[in-house]
Structures are given as C-alpha cells and as structure tokens.
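Undergrad: Got a structure for you, questions after.
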Amino acid sequence: MKWLTHIMASLLFLKAFGMLFNVPGFVFCVLGALAPDIDEKSSKLGRVFHIPLSRHRGIIHSAWPWLAAGLAVSLFSPPAGYGFLIGSFSHLFLDALTPQGTRLFYPAKLRLKGPIRTGSFSEMLLLAGIIGLFLLV
C-alpha cells in the first residue's frame, strides 16, 4: 500500500479508539503507520532513516518489532505508545491485503495476503472508502 493509504487507515483506527485529538497519540500513530517500510529505500521514512535490517517484508513486517517498540514507548507516554501500536498494526493489516502479503508471526511461514495491488485502482477505491468512513465516524 502507498503511504497515504497507510496514514489514513491508521488515523481511522485512531479515531475509532477516541484518540484522534491526542497529540502524542496522533504523531506516533502516523510514525507507526510509516515505520514498517523503513527497510524500503523508496518509502517516506526509508528515504530519511533507511535501515536495511532484512529484505522488505521480512521481520520488519511482522508483529514482533512493533509490539516491542509500542510497549517501550508506552512506558514513557501511554498515548504515544498506543498510537504507535495502532499505526504499525494498521500498516501490517493493510499490507496483508496485498498479493505480497506479510508474515505477521515471522519466522513462522504463514503469509497473510490478499488481492489489492499497491498503487492500483483497487487501492484507490480502498483509500476512498477509508476516507469516507473517517468522515462518517
């Protein structure tokens, strides 16, 4: 999925949890929504903080690093930690909707995947639906 889809979906979830107007929650939610692509040079965060820890959609696209990071942030600021968890898990959920999928429980071989290609018309329809829901909720 593209960065805008990740951000809008994470903000929809943040709003659903009643945290949209919490500044630390909002900021860390957006960071969490972009963070799993930090291993990809062409991503928004990857251009600035590229960390080639593994191949794209390897361990960085599993639940473990983001669960640990979110819990660590929660020790200092619970709203920021919750926002980060919402953003990063929203990212993983959306990437599980693509044909490439994601191995949520890496190193387990199970790969969750779906039919929506990154940058495709179906992703644009998904984004439109997310924005529509965001405005309705």
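Residues in the structure tokens are numbered from 1 in each chain, the chains being A, B, ... in the order shown, and ligands are numbered from 1 in the order shown.
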Report as a PyMOL selection string all protein, DNA and RNA residues lying within 7 Å of A:Ala80, evaluated on only C-alpha atoms, omitting residues in the same chain fewer than 4 positions from it.
TA: chain A and resi 24-25+28+73-74+84
Undergrad: Can you spit out the residues from that selection as an mmCIF file, in the first residue's frame, using C-alpha atoms?
TA:
data_model
loop_
_atom_site.group_PDB
_atom_site.id
_atom_site.type_symbol
_atom_site.label_atom_id
_atom_site.label_comp_id
_atom_site.auth_asym_id
_atom_site.auth_seq_id
_atom_site.Cartn_x
_atom_site.Cartn_y
_atom_site.Cartn_z
ATOM 1 C CA PRO A 24 1.320 12.304 21.138
ATOM 2 C CA GLY A 25 -1.086 9.571 20.025
ATOM 3 C CA PHE A 28 3.144 8.379 16.971
ATOM 4 C CA VAL A 73 7.102 3.916 24.006
ATOM 5 C CA SER A 74 4.099 3.247 26.289
ATOM 6 C CA PHE A 84 2.312 3.780 17.633
#
Undergrad: Taking only C-alpha atoms into account, which of A:Gly58, A:Gly114, A:Gly18, A:Gly132 comes nearest A:Leu94?
TA: A:Gly114
Undergrad: From a DSSP calculation on the backbone, collect every residue of chain A in helix (DSSP H, G or I) and output the set as an NGL selection string.
TA: :A and (3-16 or 23-37 or 46-49 or 59-61 or 63-76 or 78-95 or 121-136)
Undergrad: List the neighbours of A:Ile130 out to 7 Å using only C-alpha atoms; skip same-chain residues closer than 3 positions along the sequence, and give me the result as a list in words.
TA: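 That gives Met8, Ala9, Leu126, Leu127, Leu133 and Phe134 of chain A.
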Undergrad: Between A:Ala33, A:Ala16, A:Val23, A:Val137, which is the closest to A:Ser77 once you count only C-alpha atoms?
TA: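 The answer is A:Val23, which sits nearest to A:Ser77.
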Undergrad: What gap, in Å, lies between atom CA of A:Leu97 and atom CA of A:Thr5?
TA: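 Straight-line distance from atom CA of A:Leu97 to atom CA of A:Thr5 works out to 12.1 Å.
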Undergrad: Can you tell me, as a PyMOL selection string, what residues are no more than 12 Å from A:Leu110 when counting only C-alpha atoms, ignoring any on the same chain fewer than 5 positions away?
TA: chain A and resi 62+96+101-105
Undergrad: Please provide the set of residues having any atom within 9 Å of A:Gly87, restricted to only C-alpha atoms, with same-chain residues fewer than 6 positions apart removed, written as a PyMOL selection string.
TA: chain A and resi 6-7+9-11+13-14+28-35
